Amino acid sequence: MSELDQKSSKTKRRSFELIDEEIKNDPVGSEPKIRLLYNKIVKTENDTGKIFNLKYRVYVCALASSEILEKKNIGQNEFVFHGNMYSAELEPKNDDLDDFDPAEFSSFQEYFLTEANKSPEFMSNDFWKNKERDTSVFFEKENFKSFKRHYGHVLSNFIGGRFPEDFQELFKFIMKMGDNRILADVHEDFDARHIELIFSATPTNKPQDAYATFKQYVLYTSAMWRMAVYLDEAKNLTRVSESLIGNPYRIRFNGRLISQDLARSVTEYNLLSKYINSTSKSRVLEIGAGYGRLGEVFHQLSDVQYIIVDIMPSIFVSRFYLERRHPKSKILDFRDIAKIDRLPDNFEEYDFIFLTPNQLKYLPDESVDMVININSFMEMSRTAVDSYFSEIDRLSNGFLYTKQWFRNLSKKGVELFNKNNYPVKGHWKLVREQYDQLHIKFFEQIWKLGG
Ligand SMILES: C[S@@+](CC[C@H](N)C(=O)[O-])C[C@H]1O[C@@H](n2cnc3c(N)ncnc32)[C@H](O)[C@@H]1O
């Protein structure tokens, strides 16, 4: 090594020692500075070793500062320390879904179908009809209160084994960061019943050893959580919590409940909030919202009116869940609208509105700031997607966010779409495109009306 090289390597070492010192003394204060430095270096530096060393520091700092910021949550229901061992007795209970009544579910379903079938072009293809049939067991009295453990896996909360490459990619990241604490996350004991229920009800999930699947699920969740913390410049993950409603798996990191859904929703929120005007009350429309995980987070972090359009059984779950999750929120649903065949005059006062697809027509032109569709257009018929895109064009005054599979390998027979053939109208401009860092098989696009 030449003298010059030796000097430059010493300078590098010294600057990293300084950064490490800063992280140790004040992780919360140093995180924005280190991120700024990293963002600059990544654009200007060719030395991959230096880039990696800084990325590693961002990771360490993000985890350390989150831990400090989360301490303020101690005492909240969801924030429970178990030490190094899981203790079921210490776990807070939540019986909020005990009031679930299958008869109410049936009458909701009947009402939904009568109304939604007025515009059948939006309605589901065989793929979702089959799903509805397969998952009906989840809506039995004893099962429903644990919907995050079964129906949640049909929506967005992936069990391991099914998407091995996606998991490998996340795990490679963790290995590179040398984060062996991932194996120490505290979690509940093996839950055979729900894993087996998923295998029996959803034939697309190839049955595997249930215990191994559960263990891999835990590891997958822990890895995804860390990636989300690393990406979360705004520290929004420290401002929200995983609700016990729906009986999520108890997986804890630093004492707090973690979940794939919260990791995903906050990562999505952080991206989308850059495009939404935070000074005035915005209106967001999500088509195909699952159990409402993203609306839940939007409601916690911002002042938006959140409109959900969906089909059965998801719309029942989101309606049921968000009402209990945010009991002070004002809720309007399709049954109130069907009675008068229009939106009520005061519809702007509601926090959440649940619409059947045919009721989109009641929303005024250019009244929606952000339309969202996540892992949902990819599962619809071409007619349904065309119909939604026409409505989006009429309704929007701003942006469309779409996240879908690059290739829809899980669904034989409905693979109609790829990244380039969704029917976005010509006067929309693609302003952002990337792959989803929490799940590399998904692409994300943000389209802007008028460019
Ligand atoms: C894979 S799930 C994703 C759910 C949610 N976006 C998430 O990421 O958690 C697909 C969603 O699309 C909805 N969906 C399927 N076909 C639909 C249609 N024709 N109209 C509206 N929503 C539909 C399903 O009910 C479900 O909520």
# chains A, B, ... in the order shown; residues from 1 in each chain; ligands from 1
$ closest_atom_pairs --of "chain A" --to "ligand 1" --cutoff "9 Å" --atoms "only C-alpha atoms and all ligand atoms" --output "Markdown table"
| residue | atom | partner | partner_atom_place_in_ligand_line | distance |
| --- | --- | --- | --- | --- |
| A:Glu121 | CA | ligand 1 | 19 (N) | 8.3 |
| A:Phe122 | CA | ligand 1 | 19 (N) | 5.1 |
| A:Met123 | CA | ligand 1 | 19 (N) | 4.2 |
| A:Ser124 | CA | ligand 1 | 19 (N) | 4.0 |
| A:Asn125 | CA | ligand 1 | 19 (N) | 7.1 |
| A:Phe127 | CA | ligand 1 | 16 (N) | 8.4 |
| A:Trp128 | CA | ligand 1 | 15 (C) | 6.1 |
| A:Lys129 | CA | ligand 1 | 16 (N) | 9.0 |
| A:Glu132 | CA | ligand 1 | 25 (O) | 8.9 |
| A:Gly152 | CA | ligand 1 | 9 (O) | 7.7 |
| A:His153 | CA | ligand 1 | 1 (C) | 8.7 |
| A:Val154 | CA | ligand 1 | 1 (C) | 6.2 |
| A:Leu155 | CA | ligand 1 | 2 (S) | 3.9 |
| A:Ser156 | CA | ligand 1 | 9 (O) | 4.5 |
| A:Asn157 | CA | ligand 1 | 9 (O) | 7.5 |
| A:Asp261 | CA | ligand 1 | 9 (O) | 7.3 |
| A:Arg264 | CA | ligand 1 | 8 (O) | 8.4 |
| A:Ser265 | CA | ligand 1 | 8 (O) | 8.3 |
| A:Glu286 | CA | ligand 1 | 6 (N) | 7.9 |
| A:Ile287 | CA | ligand 1 | 21 (C) | 5.5 |
| A:Gly288 | CA | ligand 1 | 12 (O) | 3.6 |
| A:Ala289 | CA | ligand 1 | 6 (N) | 4.2 |
| A:Gly290 | CA | ligand 1 | 27 (O) | 3.4 |
| A:Tyr291 | CA | ligand 1 | 9 (O) | 6.6 |
| A:Gly292 | CA | ligand 1 | 9 (O) | 7.0 |
| A:Arg293 | CA | ligand 1 | 9 (O) | 6.2 |
| A:Leu294 | CA | ligand 1 | 9 (O) | 7.3 |
| A:Val309 | CA | ligand 1 | 21 (C) | 5.9 |
| A:Asp310 | CA | ligand 1 | 22 (N) | 3.9 |
| A:Ile311 | CA | ligand 1 | 25 (O) | 4.9 |
| A:Met312 | CA | ligand 1 | 25 (O) | 6.1 |
| A:Pro313 | CA | ligand 1 | 25 (O) | 6.5 |
| A:Ser314 | CA | ligand 1 | 25 (O) | 4.7 |
| A:Ile315 | CA | ligand 1 | 25 (O) | 6.8 |
| A:Ser318 | CA | ligand 1 | 27 (O) | 8.7 |
| A:Thr356 | CA | ligand 1 | 21 (C) | 8.2 |
| A:Pro357 | CA | ligand 1 | 20 (N) | 6.5 |
| A:Ile372 | CA | ligand 1 | 6 (N) | 8.4 |
| A:Asn373 | CA | ligand 1 | 6 (N) | 6.2 |
| A:Ile374 | CA | ligand 1 | 6 (N) | 4.2 |
| A:Asn375 | CA | ligand 1 | 3 (C) | 4.9 |
| A:Ser376 | CA | ligand 1 | 12 (O) | 4.0 |
| A:Phe377 | CA | ligand 1 | 12 (O) | 7.0 |
| A:Met378 | CA | ligand 1 | 10 (C) | 8.5 |
| A:Glu379 | CA | ligand 1 | 15 (C) | 6.2 |
| A:Met380 | CA | ligand 1 | 16 (N) | 5.2 |
| A:Ser381 | CA | ligand 1 | 19 (N) | 7.4 |
| A:Ala384 | CA | ligand 1 | 19 (N) | 5.9 |
| A:Val385 | CA | ligand 1 | 19 (N) | 7.7 |
| A:Tyr388 | CA | ligand 1 | 20 (N) | 8.3 |
| A:Lys403 | CA | ligand 1 | 8 (O) | 8.6 |
$ write_last_selection --atoms "C-alpha atoms" --output "CSV table (one decimal), in the first residue's frame"
chain,number,residue,atom,x,y,z
A,121,GLU,CA,-68.5,-4.6,-14.8
A,122,PHE,CA,-66.5,-3.8,-11.7
A,123,MET,CA,-67.1,-7.1,-10.0
A,124,SER,CA,-64.8,-9.9,-9.4
A,125,ASN,CA,-63.7,-12.6,-11.8
A,127,PHE,CA,-60.3,-15.8,-9.0
A,128,TRP,CA,-62.0,-13.8,-6.2
A,129,LYS,CA,-65.2,-15.8,-6.4
A,132,GLU,CA,-64.5,-16.0,-1.3
A,152,GLY,CA,-54.6,-11.5,6.6
A,153,HIS,CA,-52.4,-14.1,4.7
A,154,VAL,CA,-54.7,-14.0,1.8
A,155,LEU,CA,-54.3,-10.2,1.6
A,156,SER,CA,-50.8,-9.0,2.3
A,157,ASN,CA,-49.3,-10.8,5.3
A,261,ASP,CA,-48.6,-5.2,7.7
A,264,ARG,CA,-45.6,-2.3,4.7
A,265,SER,CA,-48.2,0.3,5.5
A,286,GLU,CA,-58.2,3.0,-2.0
A,287,ILE,CA,-59.6,0.4,-4.4
A,288,GLY,CA,-59.2,-3.1,-2.9
A,289,ALA,CA,-58.1,-2.3,0.6
A,290,GLY,CA,-58.0,-5.7,2.3
A,291,TYR,CA,-58.8,-5.3,6.0
A,292,GLY,CA,-57.9,-1.6,5.9
A,293,ARG,CA,-54.3,-1.7,7.1
A,294,LEU,CA,-53.2,1.4,5.1
A,309,VAL,CA,-64.1,0.6,-2.5
A,310,ASP,CA,-63.9,-3.2,-2.3
A,311,ILE,CA,-65.8,-6.4,-2.8
A,312,MET,CA,-66.9,-9.1,-0.3
A,313,PRO,CA,-65.6,-10.3,2.0
A,314,SER,CA,-62.8,-7.7,2.4
A,315,ILE,CA,-65.2,-4.8,2.6
A,318,SER,CA,-62.3,-3.4,6.7
A,356,THR,CA,-69.6,-0.6,-3.4
A,357,PRO,CA,-67.9,-0.2,-6.8
A,372,ILE,CA,-54.3,3.8,-4.4
A,373,ASN,CA,-54.4,0.2,-5.6
A,374,ILE,CA,-52.1,-2.4,-4.0
A,375,ASN,CA,-51.9,-6.0,-5.2
A,376,SER,CA,-55.4,-5.9,-6.4
A,377,PHE,CA,-55.7,-4.7,-10.1
A,378,MET,CA,-53.5,-7.7,-10.9
A,379,GLU,CA,-56.2,-10.0,-9.7
A,380,MET,CA,-59.1,-8.5,-11.5
A,381,SER,CA,-60.6,-9.1,-15.0
A,384,ALA,CA,-63.0,-4.5,-14.2
A,385,VAL,CA,-59.6,-2.8,-14.5
A,388,TYR,CA,-61.8,1.4,-12.6
A,403,LYS,CA,-48.3,-1.6,-6.6
$ residues_around --residues "Asn94 of chain A" --least-positions-apart "6" --cutoff "9 Å" --atoms "only C-alpha atoms" --output "PyMOL selection string"
chain A and resi 244-247
$ residues_around --residues "His326 of chain A" --least-positions-apart "6" --cutoff "9 Å" --atoms "only C-alpha atoms" --output "list in words"
Glu296, His299 and Gln300 of chain A
$ closest_residue --among "A:Asp351, A:Phe320, A:Asp386, A:Asn254" --to "Asn73 of chain A" --atoms "only C-alpha atoms"
A:Asn254
$ select_by_dssp --residues "segment 178-296 of chain A" --states "strand (DSSP E or B)" --output "ChimeraX atom specification"
/A:186-187,251-253,256-257,282-287
